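S.K.: Structure provided below as structure tokens; questions to follow.
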Protein chains: 2
Amino acid sequence: MEAFLKEAKNSSRILATISGREKNRILKEMAQALRENSSILIAQNKKDMEEGEKNKLSSALMDRLLLDESRIDAMAVAIEEIAALKDPVGRVLDGWITEDGLNMQKVSIPIGVIGIIYESRPNVTSDTAALCFKSSNVCVLKGGKEAQNSNEGIAKILQDVLEANDLPRALISLIPDASREGVDKLIKMDKYVDLIIPRGGAGLIKHVTENATVAVVKHDKGQCHTYIDKDAKLDNAIAIALNAKVQRPGVCNAMETLLVDAAIAKEALPQLKTAFDEAHTELKGDSRTQDIIEVSHATDEDYDTEYLANILNIKVVDGVEGAIEHIVRFGSGHSEAIITENITTAELFLNAIDAAAVYVNASTRFTDGGAFGFGAEVGISTNKLHARGPMGIEGLTTYKFKIYGSGQVRK
Amino acid sequence: MEAFLKEAKNSSRILATISGREKNRILKEMAQALRENSSILIAQNKKDMEEGEKNKLSSALMDRLLLDESRIDAMAVAIEEIAALKDPVGRVLDGWITEDGLNMQKVSIPIGVIGIIYESRPNVTSDTAALCFKSSNVCVLKGGKEAQNSNEGIAKILQDVLEANDLPRALISLIPDASREGVDKLIKMDKYVDLIIPRGGAGLIKHVTENATVAVVKHDKGQCHTYIDKDAKLDNAIAIALNAKVQRPGVCNAMETLLVDAAIAKEALPQLKTAFDEAHTELKGDSRTQDIIEVSHATDEDYDTEYLANILNIKVVDGVEGAIEHIVRFGSGHSEAIITENITTAELFLNAIDAAAVYVNASTRFTDGGAFGFGAEVGISTNKLHARGPMGIEGLTTYKFKIYGSGQVRK
């Protein structure tokens, strides 16, 4: 593993010498190569599918694993879209002349070597490799073992394109030891790896955070809330709450708990129940909710659970202060929303809540790179530092100061 | 420790409710309180000085430890200067309207609870506390045990001012257990602490980096180089090299190794030797250097050593490529300089070198917050992410997205 990562680190220098035009041309070749080798890829994928059937993977997992012509074409299109993005490297982020006459330029540069740990979907392999190549980073990838054959197939196709362009295959690679021990080595190699991005279950994230010596940008859970204030337009509130929960319950920006102002609970809860019943949402609520509508009882554990399913906790709270108190206790700093027409209440909520995205009168489901307008997305960071919330390709850069002097010495 | 940090975390919310004007008024009261209580502080400091004498601390350490009227006044002035800075919190960093009509505001916010681990100089206690308070962060401080009485005195004075303003004392505090075990607990409390800043020796930094689960912005070593290219103005080169080494050898932005282009080594080295001999610099060099001037032999270990003293390694290299190769191998990513009149060579160096600050024709000694024009400085980060290089008060903030909708739901 050490020799492998050392090679990755050494190969990173060559990326500084490739122009943006060249990077984009190579990315387009990669997209084309995926299309041209789709039958090989599908054969590789078939091995994973057979293994998955043997291991009785759920139908949802099997679906995520599957590669066919149209999915491979979608992967190619995604790479072409990444090629079309503006180069994130070499932007002048700031500049000034110091009192000593030094001409300062703060410029964006690649991070270096990025380790990415992820699960099932094979398209993450090509997406991530393309995002890293576009931002002049070396990537070392560790996908799920259930997709190992598919990932190897994808990596080989991309590496062949690198080699055909006289570039080292080490710029894009799967780690040689994809076991738990391999991951444990990877996350401690701060000499060669500059950043680890773990995307996956809570167990993986916790393990990586606790054991890494490399910097980590994690993609952790979204315990998202929507608070309906007494000054909300109720129609708006119901539409937004419904969207936040049911439009796609299995994602991190979906709402898990709905907070309802006690002042309007009697009016709002029956209407909300009708709407959620129609969407077949399983409802749980505290005793104040249960006084008004028939739902099962929600415990503190429920309020702390990211269901990723069509299940919703409800709680009646005393105004915006009660909502803030609940969110401070249970929120995960991902996405939180208030529905209100009152500007003072809205600003109080926006300022008090510490989360990557805080909404007034909109669905938490908008928290992603596409909806934010970032183009391709690396993921949704739950870090507080470096990248917070939707992480566009700029999140794969850091900066340095280029300083132009004319003989200055320190007095 | 856990109860203590939980209180720190809880108290952090109150900081969002204090206006910038109030923060500045309280900071000025803190400065005044330090002046008014200088005799108490000096008495506390005397205990540390006596203890230090008993433990036979070096005269340099004893000098760093000492507090007198003028140093206490300097601490007060530093706080007043921090009060005069622009509030780093609440800046709109970016803003746009998304395709869905969401009004996006990316705004700067405090990081939360910041743990700072540092050594000897008691003024770091008041500087750091003031920087954190100004940026609406709670600080938990762990100073050197040789300054424990002085630090307790300073913290008590600042806390009394907080209390007189109806604010919790927990906003500024020393950790209750300043032992190694206490530090080990602190750096693993990611539930309550958002950032750890270790400032100190390599052993401390390594220990914190390897064991922290909290995010770390480290202030590690500066293995800084100056490369004199064949196209340098030699007078410039000698003046800059001399300044980078001898103006203040004990700091992280001082040069440790001078790289000289082989093409001018015969002309440059004798002149450099004369200049450094006058400054009583101890010189070491590789065999190519020794062929031209009389110096002791520099080993690979020397090239890897941050002397923090008036000692300099010299190496003759083959042009800018040779210089880059040496710096890639031995540099610590802090500050690197090239001296040349050739713009192509300069740009090659500026682009190839990955360091926080890369200079052309200036001394590496400029790498600090003051010289960069940042005002007060938290330190000089050797992190690659979040804050790189001189870390002004903006380095104590992160951001969130405030999102203003009008009923938007995700399609």
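A note on labels: chains of the structure tokens are A, B, ... as shown, every chain counts residues from 1, and ligands are counted from 1 in their shown order.
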Provide as number ranges by chain the residues of chain B at most 7 Å from chain A, counting only C-alpha atoms.
M.R.: B: 98, 209-210, 213, 236, 240, 243, 350, 355-363, 365-366, 372-373, 384-386, 398, 400-410
S.K.: Could you pull out all residues of segment 36-220 of chain B with a DSSP call of strand (DSSP E) and give them as a ChimeraX atom specification?
M.R.: /B:92-97,103-110,113-117,138-142,172-174,195-198
S.K.: For those residues, write N, CA and C atoms to a file as a PDB file, in the first residue's frame.
M.R.:
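Saved result, part-v5.pdb, follows:
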```
ATOM      1  N   VAL B  92     -21.309  38.479   3.722  1.00  0.00           N
ATOM      2  CA  VAL B  92     -21.888  37.698   2.623  1.00  0.00           C
ATOM      3  C   VAL B  92     -20.752  37.374   1.664  1.00  0.00           C
ATOM      4  N   LEU B  93     -20.379  36.100   1.592  1.00  0.00           N
ATOM      5  CA  LEU B  93     -19.210  35.677   0.816  1.00  0.00           C
ATOM      6  C   LEU B  93     -19.566  35.467  -0.649  1.00  0.00           C
ATOM      7  N   ASP B  94     -20.828  35.151  -0.882  1.00  0.00           N
ATOM      8  CA  ASP B  94     -21.272  34.887  -2.243  1.00  0.00           C
ATOM      9  C   ASP B  94     -22.798  34.922  -2.215  1.00  0.00           C
ATOM     10  N   GLY B  95     -23.396  35.088  -3.353  1.00  0.00           N
ATOM     11  CA  GLY B  95     -24.847  35.111  -3.392  1.00  0.00           C
ATOM     12  C   GLY B  95     -25.322  35.013  -4.823  1.00  0.00           C
ATOM     13  N   TRP B  96     -26.398  34.319  -5.041  1.00  0.00           N
ATOM     14  CA  TRP B  96     -26.938  34.177  -6.395  1.00  0.00           C
ATOM     15  C   TRP B  96     -28.371  33.674  -6.300  1.00  0.00           C
ATOM     16  N   ILE B  97     -29.067  33.683  -7.445  1.00  0.00           N
ATOM     17  CA  ILE B  97     -30.418  33.131  -7.510  1.00  0.00           C
ATOM     18  C   ILE B  97     -30.342  31.843  -8.317  1.00  0.00           C
ATOM     19  N   ASN B 103     -33.106  32.335  -3.460  1.00  0.00           N
ATOM     20  CA  ASN B 103     -32.131  33.396  -3.248  1.00  0.00           C
ATOM     21  C   ASN B 103     -31.069  32.884  -2.269  1.00  0.00           C
ATOM     22  N   MET B 104     -29.872  32.599  -2.789  1.00  0.00           N
ATOM     23  CA  MET B 104     -28.815  31.968  -1.997  1.00  0.00           C
ATOM     24  C   MET B 104     -27.889  33.022  -1.399  1.00  0.00           C
ATOM     25  N   GLN B 105     -27.600  32.897  -0.110  1.00  0.00           N
ATOM     26  CA  GLN B 105     -26.582  33.742   0.523  1.00  0.00           C
ATOM     27  C   GLN B 105     -25.610  32.854   1.266  1.00  0.00           C
ATOM     28  N   LYS B 106     -24.356  32.913   0.846  1.00  0.00           N
ATOM     29  CA  LYS B 106     -23.311  32.176   1.566  1.00  0.00           C
ATOM     30  C   LYS B 106     -22.714  33.162   2.561  1.00  0.00           C
ATOM     31  N   VAL B 107     -22.908  32.906   3.863  1.00  0.00           N
ATOM     32  CA  VAL B 107     -22.469  33.889   4.870  1.00  0.00           C
ATOM     33  C   VAL B 107     -21.457  33.274   5.840  1.00  0.00           C
ATOM     34  N   SER B 108     -20.538  34.109   6.315  1.00  0.00           N
ATOM     35  CA  SER B 108     -19.536  33.630   7.274  1.00  0.00           C
ATOM     36  C   SER B 108     -20.140  33.537   8.662  1.00  0.00           C
ATOM     37  N   ILE B 109     -19.827  32.465   9.358  1.00  0.00           N
ATOM     38  CA  ILE B 109     -20.333  32.237  10.719  1.00  0.00           C
ATOM     39  C   ILE B 109     -19.173  31.739  11.590  1.00  0.00           C
ATOM     40  N   PRO B 110     -19.329  31.792  12.910  1.00  0.00           N
ATOM     41  CA  PRO B 110     -18.265  31.273  13.780  1.00  0.00           C
ATOM     42  C   PRO B 110     -18.115  29.766  13.597  1.00  0.00           C
ATOM     43  N   VAL B 113     -16.769  25.954  18.919  1.00  0.00           N
ATOM     44  CA  VAL B 113     -15.867  25.816  20.068  1.00  0.00           C
ATOM     45  C   VAL B 113     -14.482  25.448  19.541  1.00  0.00           C
ATOM     46  N   ILE B 114     -13.490  26.253  19.901  1.00  0.00           N
ATOM     47  CA  ILE B 114     -12.136  26.047  19.392  1.00  0.00           C
ATOM     48  C   ILE B 114     -11.199  25.739  20.550  1.00  0.00           C
ATOM     49  N   GLY B 115     -10.516  24.621  20.455  1.00  0.00           N
ATOM     50  CA  GLY B 115      -9.526  24.256  21.470  1.00  0.00           C
ATOM     51  C   GLY B 115      -8.144  24.655  20.986  1.00  0.00           C
ATOM     52  N   ILE B 116      -7.396  25.387  21.823  1.00  0.00           N
ATOM     53  CA  ILE B 116      -6.075  25.844  21.394  1.00  0.00           C
ATOM     54  C   ILE B 116      -5.036  25.344  22.394  1.00  0.00           C
ATOM     55  N   ILE B 117      -4.027  24.686  21.864  1.00  0.00           N
ATOM     56  CA  ILE B 117      -2.983  24.085  22.694  1.00  0.00           C
ATOM     57  C   ILE B 117      -1.686  24.793  22.350  1.00  0.00           C
ATOM     58  N   VAL B 138     -16.284  30.239  21.058  1.00  0.00           N
ATOM     59  CA  VAL B 138     -15.885  29.893  22.415  1.00  0.00           C
ATOM     60  C   VAL B 138     -14.480  29.305  22.338  1.00  0.00           C
ATOM     61  N   CYS B 139     -13.592  29.692  23.260  1.00  0.00           N
ATOM     62  CA  CYS B 139     -12.275  29.061  23.250  1.00  0.00           C
ATOM     63  C   CYS B 139     -12.049  28.268  24.521  1.00  0.00           C
ATOM     64  N   VAL B 140     -11.452  27.111  24.359  1.00  0.00           N
ATOM     65  CA  VAL B 140     -10.967  26.334  25.498  1.00  0.00           C
ATOM     66  C   VAL B 140      -9.459  26.220  25.321  1.00  0.00           C
ATOM     67  N   LEU B 141      -8.742  26.734  26.306  1.00  0.00           N
ATOM     68  CA  LEU B 141      -7.304  26.945  26.164  1.00  0.00           C
ATOM     69  C   LEU B 141      -6.511  25.959  27.003  1.00  0.00           C
ATOM     70  N   LYS B 142      -5.399  25.529  26.453  1.00  0.00           N
ATOM     71  CA  LYS B 142      -4.470  24.699  27.202  1.00  0.00           C
ATOM     72  C   LYS B 142      -3.081  25.265  26.958  1.00  0.00           C
ATOM     73  N   ILE B 172     -14.695  31.788  27.693  1.00  0.00           N
ATOM     74  CA  ILE B 172     -13.224  31.803  27.664  1.00  0.00           C
ATOM     75  C   ILE B 172     -12.750  30.988  28.850  1.00  0.00           C
ATOM     76  N   SER B 173     -12.111  29.850  28.602  1.00  0.00           N
ATOM     77  CA  SER B 173     -11.664  29.114  29.779  1.00  0.00           C
ATOM     78  C   SER B 173     -10.450  28.250  29.511  1.00  0.00           C
ATOM     79  N   LEU B 174      -9.721  27.973  30.576  1.00  0.00           N
ATOM     80  CA  LEU B 174      -8.620  27.021  30.519  1.00  0.00           C
ATOM     81  C   LEU B 174      -9.210  25.639  30.779  1.00  0.00           C
ATOM     82  N   LEU B 195     -12.872  22.516  16.456  1.00  0.00           N
ATOM     83  CA  LEU B 195     -11.552  22.699  15.843  1.00  0.00           C
ATOM     84  C   LEU B 195     -10.494  22.701  16.945  1.00  0.00           C
ATOM     85  N   ILE B 196      -9.376  22.066  16.647  1.00  0.00           N
ATOM     86  CA  ILE B 196      -8.218  22.108  17.547  1.00  0.00           C
ATOM     87  C   ILE B 196      -7.076  22.795  16.810  1.00  0.00           C
ATOM     88  N   ILE B 197      -6.466  23.789  17.464  1.00  0.00           N
ATOM     89  CA  ILE B 197      -5.280  24.433  16.888  1.00  0.00           C
ATOM     90  C   ILE B 197      -4.099  24.147  17.813  1.00  0.00           C
ATOM     91  N   PRO B 198      -3.215  23.233  17.414  1.00  0.00           N
ATOM     92  CA  PRO B 198      -2.023  23.001  18.232  1.00  0.00           C
ATOM     93  C   PRO B 198      -0.879  23.889  17.750  1.00  0.00           C
TER      94      PRO B 198
END
```
S.K.: Fewer than 5 positions away in the same chain doesn't count, so skip those; otherwise give me all residues within 6 Å of segment 255-265 of chain A, counting only C-alpha atoms, as a list of chain:residue names.
M.R.: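 Near neighbours after the sequence-gap exclusion: A:Cys224, A:His225, A:Thr226, A:Tyr227, A:Ile228, A:Asp229, A:Lys230, A:Ala244, A:Lys245, A:Leu312, A:Asn313, A:Ile314, A:Lys315, A:Val316, A:Val317, A:Asp318, A:Gly319.
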S.K.: Residues as selected, C-alpha atoms, written as an mmCIF file, in the first residue's frame, can you do that?
M.R.:
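out.cif, freshly written:
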```cif
data_model
loop_
_atom_site.group_PDB
_atom_site.id
_atom_site.type_symbol
_atom_site.label_atom_id
_atom_site.label_comp_id
_atom_site.auth_asym_id
_atom_site.auth_seq_id
_atom_site.Cartn_x
_atom_site.Cartn_y
_atom_site.Cartn_z
ATOM 1 C CA CYS A 224 -33.332 17.368 8.543
ATOM 2 C CA HIS A 225 -36.271 19.293 10.011
ATOM 3 C CA THR A 226 -39.040 21.491 8.679
ATOM 4 C CA TYR A 227 -40.724 23.877 11.122
ATOM 5 C CA ILE A 228 -44.197 25.217 10.322
ATOM 6 C CA ASP A 229 -44.603 28.526 12.125
ATOM 7 C CA LYS A 230 -47.950 30.024 13.181
ATOM 8 C CA ALA A 244 -39.363 17.353 1.768
ATOM 9 C CA LYS A 245 -40.484 13.930 2.998
ATOM 10 C CA LEU A 312 -41.984 10.916 9.535
ATOM 11 C CA ASN A 313 -41.704 12.148 13.119
ATOM 12 C CA ILE A 314 -43.980 15.009 14.120
ATOM 13 C CA LYS A 315 -43.571 17.225 17.162
ATOM 14 C CA VAL A 316 -45.645 20.123 18.441
ATOM 15 C CA VAL A 317 -43.332 22.909 19.632
ATOM 16 C CA ASP A 318 -43.841 26.282 21.291
ATOM 17 C CA GLY A 319 -43.047 28.718 18.528
#
```
S.K.: Got a sec: who's within 6 Å of Gly222 of chain A, counting only C-alpha atoms, leaving out chain neighbours fewer than 4 positions off, as a PyMOL selection string?
M.R.: chain A and resi 252-253+332+334
S.K.: Going by DSSP on the backbone, which bits of segment 206-340 of chain B are helix (DSSP H, G or I)? Write them as a PyMOL selection string, please.
M.R.: chain B and resi 206-211+234-246+262-278+287-290+300-303+319-330
S.K.: For Ile18 of chain B, which of B:Ser126, B:Ser38, B:Thr344, B:Asn137 is the closest residue, counting only C-alpha atoms?
M.R.: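 Of all the options, B:Asn137 lies closest to Ile18 of chain B.
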S.K.: Distance atom CA of Lys273 of chain B-atom CA of Ile292 of chain B, one decimal place?
M.R.: 10.2 Å
S.K.: Skipping near chain neighbours, those fewer than 6 positions away, what residues fall within 9 Å of Gln44 of chain A using only C-alpha atoms, listed as a list in words?
M.R.: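 Selected residues are Asn149, Ser150, Asn151, Glu152 and Gly153 of chain A.
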S.K.: Produce a file of the selected residues containing C-alpha atoms, as a short mmCIF file (atom, residue, chain, number, x, y, z; two decimals), in the first residue's frame.
M.R.:
```cif
data_model
loop_
_atom_site.label_atom_id
_atom_site.label_comp_id
_atom_site.auth_asym_id
_atom_site.auth_seq_id
_atom_site.Cartn_x
_atom_site.Cartn_y
_atom_site.Cartn_z
CA ASN A 149 -15.34 -6.38 -10.92
CA SER A 150 -17.31 -3.47 -12.38
CA ASN A 151 -15.02 -0.93 -10.73
CA GLU A 152 -11.92 -2.71 -11.98
CA GLY A 153 -13.36 -2.70 -15.49
#
```
S.K.: Which polymer residues have any atom within 10 Å of an atom of segment 59-64 of chain A, counting only C-alpha atoms, with same-chain residues fewer than 2 positions away left out, as a ChimeraX atom specification?
M.R.: /A:48-50,52-53,56-57,66-67,119-123,146-147
S.K.: If you count only C-alpha atoms, which residues fall within 8 Å of Arg35 of chain A, apart from same-chain ones fewer than 3 positions away, as JSON, numbers by chain?
M.R.: {"A": [31, 32, 38, 72, 73, 76]}
S.K.: For the residues in that selection, give me all heavy atoms as an mmCIF file, in the first residue's frame.
M.R.:
```
data_model
loop_
_atom_site.group_PDB
_atom_site.id
_atom_site.type_symbol
_atom_site.label_atom_id
_atom_site.label_comp_id
_atom_site.auth_asym_id
_atom_site.auth_seq_id
_atom_site.Cartn_x
_atom_site.Cartn_y
_atom_site.Cartn_z
ATOM 1 N N ALA A 31 -14.747 9.277 -21.930
ATOM 2 C CA ALA A 31 -16.184 9.056 -22.139
ATOM 3 C C ALA A 31 -16.390 8.121 -23.328
ATOM 4 O O ALA A 31 -17.156 7.147 -23.255
ATOM 5 C CB ALA A 31 -16.879 10.406 -22.382
ATOM 6 N N GLN A 32 -15.656 8.408 -24.412
ATOM 7 C CA GLN A 32 -15.791 7.593 -25.616
ATOM 8 C C GLN A 32 -15.349 6.149 -25.361
ATOM 9 O O GLN A 32 -15.996 5.203 -25.809
ATOM 10 C CB GLN A 32 -14.965 8.243 -26.743
ATOM 11 C CG GLN A 32 -15.411 7.880 -28.135
ATOM 12 C CD GLN A 32 -16.930 7.941 -28.303
ATOM 13 O OE1 GLN A 32 -17.602 8.859 -27.791
ATOM 14 N NE2 GLN A 32 -17.510 6.947 -28.968
ATOM 15 N N SER A 38 -18.338 -0.922 -23.766
ATOM 16 C CA SER A 38 -19.497 -1.214 -22.918
ATOM 17 C C SER A 38 -19.733 -2.717 -22.779
ATOM 18 O O SER A 38 -20.124 -3.186 -21.701
ATOM 19 C CB SER A 38 -20.748 -0.514 -23.456
ATOM 20 O OG SER A 38 -21.031 -0.982 -24.753
ATOM 21 N N ILE A 72 -24.233 3.013 -18.908
ATOM 22 C CA ILE A 72 -22.851 3.296 -19.305
ATOM 23 C C ILE A 72 -22.799 4.587 -20.127
ATOM 24 O O ILE A 72 -21.917 5.422 -19.958
ATOM 25 C CB ILE A 72 -22.245 2.098 -20.071
ATOM 26 C CG1 ILE A 72 -22.066 0.928 -19.087
ATOM 27 C CG2 ILE A 72 -20.906 2.469 -20.710
ATOM 28 C CD1 ILE A 72 -21.729 -0.397 -19.739
ATOM 29 N N ASP A 73 -23.814 4.763 -20.989
ATOM 30 C CA ASP A 73 -23.871 6.017 -21.745
ATOM 31 C C ASP A 73 -24.049 7.199 -20.793
ATOM 32 O O ASP A 73 -23.431 8.255 -20.982
ATOM 33 C CB ASP A 73 -25.015 5.976 -22.762
ATOM 34 C CG ASP A 73 -24.962 7.176 -23.681
ATOM 35 O OD1 ASP A 73 -23.974 7.283 -24.441
ATOM 36 O OD2 ASP A 73 -25.877 8.033 -23.616
ATOM 37 N N ALA A 76 -20.783 8.135 -19.405
ATOM 38 C CA ALA A 76 -19.984 8.851 -20.405
ATOM 39 C C ALA A 76 -20.445 10.314 -20.506
ATOM 40 O O ALA A 76 -19.631 11.240 -20.557
ATOM 41 C CB ALA A 76 -20.086 8.151 -21.754
#
```
S.K.: Which is closest to Arg169 of chain B among B:Ala323, B:Ala74, B:Ala129, B:Leu34, if we use only C-alpha atoms?
M.R.: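 For Arg169 of chain B, the nearest of the given residues is B:Ala129.
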